[in-house]
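Data block for start_9.csv (CSV, C-alpha atoms):
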```csv
chain,number,residue,atom,x,y,z
K,11,MET,CA,-16.8,7.7,54.5
K,12,TYR,CA,-14.1,7.8,51.8
K,13,SER,CA,-12.0,10.9,51.3
K,14,ARG,CA,-12.0,12.7,48.0
K,15,MET,CA,-8.4,11.5,47.4
K,16,GLU,CA,-9.3,7.9,48.0
K,17,ILE,CA,-12.1,8.2,45.5
K,18,ILE,CA,-9.9,9.8,42.9
K,19,LEU,CA,-7.2,7.1,43.4
K,20,TYR,CA,-9.9,4.4,43.0
K,21,LEU,CA,-11.2,5.9,39.8
K,22,LEU,CA,-7.7,6.2,38.4
K,23,LEU,CA,-7.0,2.5,39.2
K,24,LEU,CA,-10.3,1.5,37.7
K,25,ALA,CA,-9.5,3.5,34.5
K,26,ARG,CA,-6.1,1.8,34.3
K,27,VAL,CA,-7.6,-1.7,34.6
K,28,LYS,CA,-10.2,-0.8,32.0
K,29,SER,CA,-7.6,0.5,29.7
K,30,GLU,CA,-5.5,-2.6,30.0
K,31,THR,CA,-8.5,-4.7,29.2
K,32,ILE,CA,-9.4,-2.7,26.1
K,33,TYR,CA,-5.8,-3.0,24.7
K,34,SER,CA,-5.3,-6.6,25.5
K,35,CYS,CA,-2.4,-8.1,23.6
K,36,GLN,CA,-3.7,-11.6,24.0
K,37,PRO,CA,-6.9,-11.8,22.0
K,38,ALA,CA,-9.7,-13.8,23.5
K,39,PRO,CA,-11.0,-16.8,21.5
K,40,SER,CA,-14.2,-14.8,20.8
K,41,GLU,CA,-12.4,-11.8,19.3
K,42,ILE,CA,-12.7,-11.3,15.5
K,43,ASN,CA,-9.6,-11.4,13.4
K,44,VAL,CA,-10.3,-8.7,10.9
K,45,ALA,CA,-7.3,-9.6,8.7
K,46,ARG,CA,-9.3,-12.5,7.2
K,47,HIS,CA,-11.5,-10.1,5.2
K,48,GLY,CA,-8.6,-8.0,3.9
K,49,PHE,CA,-6.6,-7.8,0.7
K,50,ALA,CA,-2.9,-8.8,0.9
K,51,ARG,CA,0.0,-8.0,-1.4
K,52,GLN,CA,3.8,-8.3,-1.2
K,53,SER,CA,6.9,-6.7,-2.8
K,54,SER,CA,7.7,-9.8,-4.9
K,55,GLN,CA,7.0,-13.5,-5.1
K,56,TYR,CA,9.6,-16.1,-4.5
K,57,LYS,CA,10.6,-17.6,-7.9
K,58,GLY,CA,11.2,-21.0,-6.3
K,59,SER,CA,7.5,-21.4,-5.4
K,60,PRO,CA,4.7,-19.9,-7.4
K,61,ARG,CA,2.3,-20.8,-4.6
K,62,ALA,CA,3.9,-18.4,-2.0
K,63,THR,CA,1.4,-15.6,-2.5
K,64,ALA,CA,0.6,-12.8,-0.1
K,65,TRP,CA,-2.9,-14.1,0.5
K,66,LEU,CA,-1.5,-17.2,2.3
K,67,ALA,CA,-0.7,-15.0,5.4
K,68,ILE,CA,-4.5,-14.4,5.9
K,69,ASP,CA,-5.9,-17.8,4.9
K,70,GLY,CA,-6.7,-18.7,8.5
K,71,GLN,CA,-4.2,-21.6,8.6
K,72,HIS,CA,-1.7,-21.7,11.5
K,73,THR,CA,0.6,-24.1,9.7
K,74,MET,CA,4.1,-22.8,10.1
K,75,ASP,CA,5.8,-25.0,7.6
K,76,PHE,CA,6.5,-23.4,4.2
K,77,ARG,CA,6.5,-26.7,2.5
K,78,LYS,CA,2.8,-27.2,3.3
K,79,SER,CA,1.8,-24.2,1.1
K,80,SER,CA,0.6,-22.0,3.9
K,81,CYS,CA,3.2,-19.2,4.0
K,82,THR,CA,4.1,-16.2,1.9
K,83,HIS,CA,7.6,-15.8,0.5
K,84,THR,CA,9.3,-12.9,-1.3
K,85,ASP,CA,12.5,-12.9,-3.3
K,86,LYS,CA,15.6,-11.8,-1.4
K,87,GLU,CA,15.6,-8.0,-1.8
K,88,LYS,CA,16.3,-4.9,0.3
K,89,GLY,CA,13.2,-3.6,1.8
K,90,ALA,CA,11.1,-6.7,1.3
K,91,TRP,CA,7.5,-6.1,2.4
K,92,TRP,CA,4.1,-7.6,2.9
K,93,SER,CA,1.0,-5.4,3.2
K,94,LEU,CA,-2.6,-5.9,4.2
K,95,ASN,CA,-5.5,-3.6,3.3
K,96,LEU,CA,-8.3,-4.1,5.9
K,97,GLY,CA,-10.9,-2.3,3.8
K,98,LYS,CA,-11.6,0.3,6.5
K,99,SER,CA,-9.7,1.9,9.4
K,100,TYR,CA,-9.7,0.2,12.8
K,101,ALA,CA,-8.2,1.1,16.1
K,102,ILE,CA,-5.8,-1.9,16.5
K,103,SER,CA,-5.3,-3.6,19.8
K,104,ALA,CA,-3.0,-6.4,18.7
K,105,ILE,CA,-1.3,-8.1,15.8
K,106,ARG,CA,-0.2,-11.7,15.9
K,107,ILE,CA,2.3,-13.0,13.4
K,108,PHE,CA,3.1,-16.6,12.9
K,109,ASN,CA,6.7,-17.2,11.6
K,110,ARG,CA,8.0,-20.3,9.9
K,111,ASN,CA,9.1,-23.1,12.1
K,112,ASP,CA,10.6,-25.4,9.4
K,113,CYS,CA,13.7,-23.2,8.9
K,114,CYS,CA,14.8,-19.6,8.5
K,115,GLN,CA,13.1,-18.1,11.5
K,116,LYS,CA,15.8,-15.4,12.0
K,117,ARG,CA,15.0,-13.8,8.7
K,118,LEU,CA,12.3,-11.8,10.4
K,119,LEU,CA,14.7,-10.2,12.9
K,120,LEU,CA,14.4,-6.4,12.7
K,121,ALA,CA,11.3,-6.6,10.5
K,122,GLU,CA,9.0,-3.7,11.4
K,123,VAL,CA,5.2,-3.9,11.8
K,124,ARG,CA,3.4,-0.6,10.9
K,125,VAL,CA,-0.2,0.5,11.1
K,126,GLY,CA,-1.9,3.5,9.5
K,127,ASP,CA,-4.1,4.9,6.8
K,128,SER,CA,-1.5,5.3,4.1
K,129,PRO,CA,-1.1,2.5,1.6
K,130,ASP,CA,2.6,3.3,1.6
K,131,ILE,CA,5.0,2.0,4.2
K,132,VAL,CA,5.2,5.3,6.1
K,133,ASN,CA,2.7,4.5,8.9
K,134,GLN,CA,3.2,4.4,12.7
K,135,LEU,CA,5.5,1.7,14.1
K,136,CYS,CA,3.6,-0.8,16.2
K,137,GLY,CA,6.6,-3.0,16.8
K,138,THR,CA,9.8,-4.6,15.6
K,139,PHE,CA,10.9,-8.3,15.6
K,140,THR,CA,13.7,-8.3,18.2
K,141,GLN,CA,13.6,-12.0,18.8
K,142,VAL,CA,11.9,-15.0,17.1
K,143,ASN,CA,10.2,-18.0,18.6
K,144,ILE,CA,9.5,-21.0,16.4
K,145,ASN,CA,6.6,-22.3,18.3
K,146,ASP,CA,4.5,-19.3,19.2
K,147,PRO,CA,3.3,-16.3,17.3
K,148,ALA,CA,4.9,-12.9,17.9
K,149,VAL,CA,2.4,-10.6,19.4
K,150,PHE,CA,2.6,-6.8,18.9
K,151,CYS,CA,0.6,-4.5,21.1
K,152,CYS,CA,-0.6,-1.6,19.0
K,153,LYS,CA,-2.5,0.2,21.8
K,154,GLY,CA,-5.2,1.7,19.6
K,155,ILE,CA,-3.1,2.8,16.6
K,156,LYS,CA,-5.7,3.6,13.9
K,157,GLY,CA,-5.3,2.3,10.4
K,158,GLN,CA,-6.6,0.6,7.4
K,159,TYR,CA,-3.2,-0.8,6.4
K,160,ILE,CA,-0.8,-3.2,8.1
K,161,HIS,CA,2.7,-3.4,6.8
K,162,VAL,CA,5.5,-5.8,7.6
K,163,GLN,CA,8.9,-4.8,6.2
K,164,ILE,CA,12.6,-5.7,6.6
K,165,PRO,CA,13.8,-2.2,5.9
K,166,LYS,CA,17.6,-2.3,6.5
K,167,TYR,CA,19.0,-5.1,4.5
K,168,ALA,CA,18.3,-7.6,1.7
K,169,GLN,CA,16.4,-10.6,2.9
K,170,PHE,CA,13.5,-13.0,2.1
K,171,LEU,CA,10.3,-12.1,3.8
K,172,SER,CA,8.1,-15.1,4.7
K,173,LEU,CA,5.0,-15.0,6.9
K,174,CYS,CA,2.8,-18.0,7.8
K,175,GLU,CA,-0.2,-16.1,9.3
K,176,VAL,CA,-1.1,-12.6,10.3
K,177,GLU,CA,-4.0,-11.9,12.6
K,178,VAL,CA,-5.3,-8.4,13.4
K,179,TYR,CA,-7.5,-7.6,16.4
K,180,PRO,CA,-9.3,-4.3,16.8
K,181,VAL,CA,-9.8,-2.5,20.1
K,182,LEU,CA,-12.9,-3.9,21.8
K,183,GLU,CA,-15.7,-1.3,22.1
K,184,THR,CA,-16.7,-0.4,25.6
K,185,MET,CA,-20.2,-0.2,26.8
```
Same coordinates, now as C-alpha coordinates:
Amino acid sequence: MYSRMEIILYLLLLARVKSETIYSCQPAPSEINVARHGFARQSSQYKGSPRATAWLAIDGQHTMDFRKSSCTHTDKEKGAWWSLNLGKSYAISAIRIFNRNDCCQKRLLLAEVRVGDSPDIVNQLCGTFTQVNINDPAVFCCKGIKGQYIHVQIPKYAQFLSLCEVEVYPVLETM
(Lines of atoms letter the chains of each structure in order from A and count residues from 1; the text may use other names and numbers.)
(Lines give C-alpha, C1' and ligand atoms only; values in the text may rest on other atoms or scores of the structure.)
Protein backbone atom coordinates (compact mmCIF):
# COMPACT_ATOMS: atom_id res chain seq x y z
CA MET A 1 0.00 0.00 0.00
CA TYR A 2 1.26 3.50 -0.82
CA SER A 3 1.35 6.19 1.79
CA ARG A 4 -0.58 9.40 1.32
CA MET A 5 2.72 11.30 0.91
CA GLU A 6 3.91 8.92 -1.85
CA ILE A 7 0.64 9.40 -3.73
CA ILE A 8 0.88 13.20 -3.44
CA LEU A 9 4.50 13.17 -4.66
CA TYR A 10 3.53 10.93 -7.59
CA LEU A 11 0.67 13.24 -8.56
CA LEU A 12 2.95 16.29 -8.36
CA LEU A 13 5.52 14.56 -10.56
CA LEU A 14 2.82 13.56 -13.03
CA ALA A 15 1.50 17.14 -13.16
CA ARG A 16 5.02 18.46 -13.78
CA VAL A 17 5.60 16.03 -16.67
CA LYS A 18 2.20 16.91 -18.15
CA SER A 19 2.98 20.63 -17.85
CA GLU A 20 6.31 20.22 -19.62
CA THR A 21 4.58 18.35 -22.43
CA ILE A 22 1.91 21.03 -22.85
CA TYR A 23 4.45 23.86 -23.03
CA SER A 24 6.91 22.08 -25.26
CA CYS A 25 9.34 24.49 -26.89
CA GLN A 26 10.19 22.11 -29.70
CA PRO A 27 7.01 21.79 -31.75
CA ALA A 28 6.21 18.35 -33.09
CA PRO A 29 5.92 18.05 -36.89
CA SER A 30 2.15 17.60 -36.51
CA GLU A 31 1.65 20.88 -34.61
CA ILE A 32 -0.01 23.72 -36.48
CA ASN A 33 1.86 26.97 -37.09
CA VAL A 34 -0.89 29.56 -36.56
CA ALA A 35 1.27 32.39 -37.92
CA ARG A 36 0.58 31.27 -41.49
CA HIS A 37 -2.98 32.59 -41.29
CA GLY A 38 -2.14 35.93 -39.69
CA PHE A 39 -1.55 39.44 -40.96
CA ALA A 40 1.99 40.88 -40.68
CA ARG A 41 3.25 44.46 -40.80
CA GLN A 42 6.50 46.23 -39.98
CA SER A 43 7.72 49.69 -38.99
CA SER A 44 9.20 50.46 -42.43
CA GLN A 45 10.33 48.76 -45.60
CA TYR A 46 13.95 48.72 -46.68
CA LYS A 47 14.33 51.16 -49.55
CA GLY A 48 17.00 48.96 -51.13
CA SER A 49 14.52 46.13 -51.74
CA PRO A 50 10.84 46.75 -52.42
CA ARG A 51 10.21 43.00 -52.05
CA ALA A 52 11.23 42.90 -48.34
CA THR A 53 7.65 43.02 -47.04
CA ALA A 54 6.44 41.94 -43.61
CA TRP A 55 4.42 39.06 -45.10
CA LEU A 56 7.62 37.22 -46.11
CA ALA A 57 8.18 36.21 -42.46
CA ILE A 58 5.00 34.09 -42.55
CA ASP A 59 5.17 32.72 -46.10
CA GLY A 60 6.14 29.22 -44.93
CA GLN A 61 9.59 29.35 -46.54
CA HIS A 62 12.58 28.53 -44.35
CA THR A 63 15.03 30.11 -46.78
CA MET A 64 17.40 32.17 -44.64
CA ASP A 65 19.04 34.09 -47.48
CA PHE A 66 17.72 37.62 -47.97
CA ARG A 67 18.80 37.60 -51.63
CA LYS A 68 16.26 34.85 -52.34
CA SER A 69 13.34 37.16 -51.49
CA SER A 70 12.14 35.26 -48.45
CA CYS A 71 13.04 37.66 -45.62
CA THR A 72 11.59 40.89 -44.29
CA HIS A 73 13.75 43.99 -43.94
CA THR A 74 13.11 47.40 -42.37
CA ASP A 75 15.11 50.58 -42.78
CA LYS A 76 17.71 51.31 -40.13
CA GLU A 77 15.76 53.03 -37.37
CA LYS A 78 15.54 53.16 -33.60
CA GLY A 79 12.81 50.85 -32.39
CA ALA A 80 12.46 48.90 -35.66
CA TRP A 81 9.62 46.40 -35.29
CA TRP A 82 7.70 43.59 -36.97
CA SER A 83 4.21 42.60 -35.83
CA LEU A 84 1.83 39.71 -36.45
CA ASN A 85 -1.92 39.74 -35.86
CA LEU A 86 -3.06 36.13 -35.41
CA GLY A 87 -6.74 37.04 -35.83
CA LYS A 88 -7.68 35.71 -32.39
CA SER A 89 -6.04 35.17 -29.03
CA TYR A 90 -4.10 31.96 -28.35
CA ALA A 91 -2.18 30.63 -25.37
CA ILE A 92 1.29 30.49 -26.95
CA SER A 93 3.62 27.60 -26.27
CA ALA A 94 6.55 28.46 -28.54
CA ILE A 95 7.71 30.90 -31.20
CA ARG A 96 10.43 29.93 -33.67
CA ILE A 97 12.24 32.69 -35.53
CA PHE A 98 14.53 32.06 -38.48
CA ASN A 99 17.31 34.64 -38.82
CA ARG A 100 19.31 35.44 -41.94
CA ASN A 101 22.32 33.24 -42.57
CA ASP A 102 23.76 35.12 -45.57
CA CYS A 103 25.01 38.02 -43.42
CA CYS A 104 24.06 40.40 -40.64
CA GLN A 105 22.97 37.79 -38.08
CA LYS A 106 23.98 39.92 -35.10
CA ARG A 107 21.45 42.60 -35.99
CA LEU A 108 18.84 40.66 -34.01
CA LEU A 109 20.84 40.78 -30.78
CA LEU A 110 18.71 42.25 -27.99
CA ALA A 111 15.55 42.15 -30.10
CA GLU A 112 12.54 41.43 -27.92
CA VAL A 113 9.72 38.99 -28.66
CA ARG A 114 6.42 40.00 -27.06
CA VAL A 115 2.96 38.39 -26.94
CA GLY A 116 -0.36 39.90 -25.91
CA ASP A 117 -3.73 41.25 -26.90
CA SER A 118 -2.63 44.84 -27.54
CA PRO A 119 -1.81 45.83 -31.13
CA ASP A 120 0.84 48.14 -29.61
CA ILE A 121 4.27 46.90 -28.54
CA VAL A 122 3.46 46.90 -24.82
CA ASN A 123 2.70 43.21 -24.40
CA GLN A 124 4.33 40.62 -22.16
CA LEU A 125 7.94 39.70 -22.91
CA CYS A 126 8.34 36.11 -24.10
CA GLY A 127 12.08 36.36 -24.77
CA THR A 128 15.07 38.34 -25.99
CA PHE A 129 17.71 37.45 -28.56
CA THR A 130 20.80 37.06 -26.40
CA GLN A 131 22.68 35.04 -29.01
CA VAL A 132 22.20 34.20 -32.66
CA ASN A 133 22.75 30.97 -34.55
CA ILE A 134 22.98 31.11 -38.31
CA ASN A 135 21.86 27.53 -38.96
CA ASP A 136 18.99 26.96 -36.53
CA PRO A 137 15.94 29.02 -35.61
CA ALA A 138 15.77 30.76 -32.24
CA VAL A 139 13.09 29.15 -30.10
CA PHE A 140 11.28 31.18 -27.46
CA CYS A 141 9.24 29.33 -24.81
CA CYS A 142 6.22 31.47 -24.02
CA LYS A 143 4.69 29.03 -21.50
CA GLY A 144 1.08 29.85 -22.25
CA ILE A 145 1.26 33.64 -22.56
CA LYS A 146 -2.06 34.60 -24.15
CA GLY A 147 -2.26 36.94 -27.06
CA GLN A 148 -3.45 37.80 -30.53
CA TYR A 149 -0.33 39.81 -31.39
CA ILE A 150 3.31 38.80 -31.72
CA HIS A 151 5.85 41.63 -31.81
CA VAL A 152 9.58 41.54 -32.54
CA GLN A 153 11.36 44.80 -31.83
CA ILE A 154 14.88 46.14 -31.43
CA PRO A 155 14.00 48.73 -28.79
CA LYS A 156 17.28 50.21 -27.60
CA TYR A 157 19.20 51.37 -30.66
CA ALA A 158 18.93 52.09 -34.39
CA GLN A 159 19.23 48.93 -36.48
CA PHE A 160 17.74 47.13 -39.47
CA LEU A 161 15.27 44.39 -38.56
CA SER A 162 15.19 41.38 -40.86
CA LEU A 163 13.31 38.12 -40.23
CA CYS A 164 13.21 35.15 -42.57
CA GLU A 165 10.40 33.16 -40.95
CA VAL A 166 8.30 33.36 -37.80
CA GLU A 167 6.34 30.34 -36.60
CA VAL A 168 3.85 30.48 -33.72
CA TYR A 169 2.67 27.35 -31.92
CA PRO A 170 -0.26 27.44 -29.48
CA VAL A 171 -0.50 25.36 -26.31
CA LEU A 172 -1.78 21.88 -27.08
CA GLU A 173 -5.17 21.24 -25.59
CA THR A 174 -5.28 18.43 -23.05
CA MET A 175 -7.91 15.73 -23.05
Per-residue nearest contacts region 30-143 of chain K to region 159-172 of chain K, cut-off 6 Å, using only C-alpha atoms, as a tab-separated table:
```
residue	atom	partner	partner_atom	distance
K:Thr82	CA	K:Ser172	CA	5.0
K:His83	CA	K:Ser172	CA	4.3
K:Thr84	CA	K:Leu171	CA	5.3
K:Asp85	CA	K:Phe170	CA	5.5
K:Lys86	CA	K:Phe170	CA	4.3
K:Glu87	CA	K:Ala168	CA	4.4
K:Lys88	CA	K:Ala168	CA	3.6
K:Gly89	CA	K:Pro165	CA	4.4
K:Ala90	CA	K:Ile164	CA	5.6
K:Trp91	CA	K:Gln163	CA	4.3
K:Trp92	CA	K:Val162	CA	5.2
K:Ser93	CA	K:His161	CA	4.5
K:Leu94	CA	K:Ile160	CA	5.1
K:Asn95	CA	K:Tyr159	CA	4.8
K:Ala121	CA	K:Ile164	CA	4.2
K:Glu122	CA	K:Gln163	CA	5.3
K:Val123	CA	K:Val162	CA	4.6
K:Arg124	CA	K:His161	CA	5.0
K:Val125	CA	K:Ile160	CA	4.8
K:Gly126	CA	K:Tyr159	CA	5.5
K:Asp127	CA	K:Tyr159	CA	5.8
```
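As for CA of Leu119 (chain K) and CA of Thr138 (chain K), they are spaced 7.9 Å apart.
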Which polymer residues have any atom within 8 Å of an atom of region 66-74 of chain K, counting only C-alpha atoms, with same-chain residues fewer than 4 positions away left out, as a list in words?
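My list of contacting residues is Ala45, Arg46, Gly48, Ala50, Ala62, Lys78, Ser79, Ser80, Cys81, Thr82, Phe108, Asn109, Arg110, Asn111, Asp112, Leu173, Cys174, Glu175, Val176 and Glu177 of chain K.
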Between CA of Leu135 (chain K) and CA of Ala148 (chain K), what is the spacing in Å?
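So the answer is 15.1 Å.
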How far is it from CA of Gly97 (chain K) to CA of Cys136 (chain K), in Å with one decimal?
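That distance, rounded to one decimal, is 19.1 Å.
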Can you work out which one of K:Phe76, K:Phe49, K:Ala104, K:Pro180 has the shortest atom-to-atom distance to Ala64 (chain K), counting only C-alpha atoms?
K:Phe49
Go through K:Ser103, K:Thr140, K:Asn133, K:Thr63 and flag the residue nearest Asn43 (chain K), using only C-alpha atoms for the distances.
K:Ser103
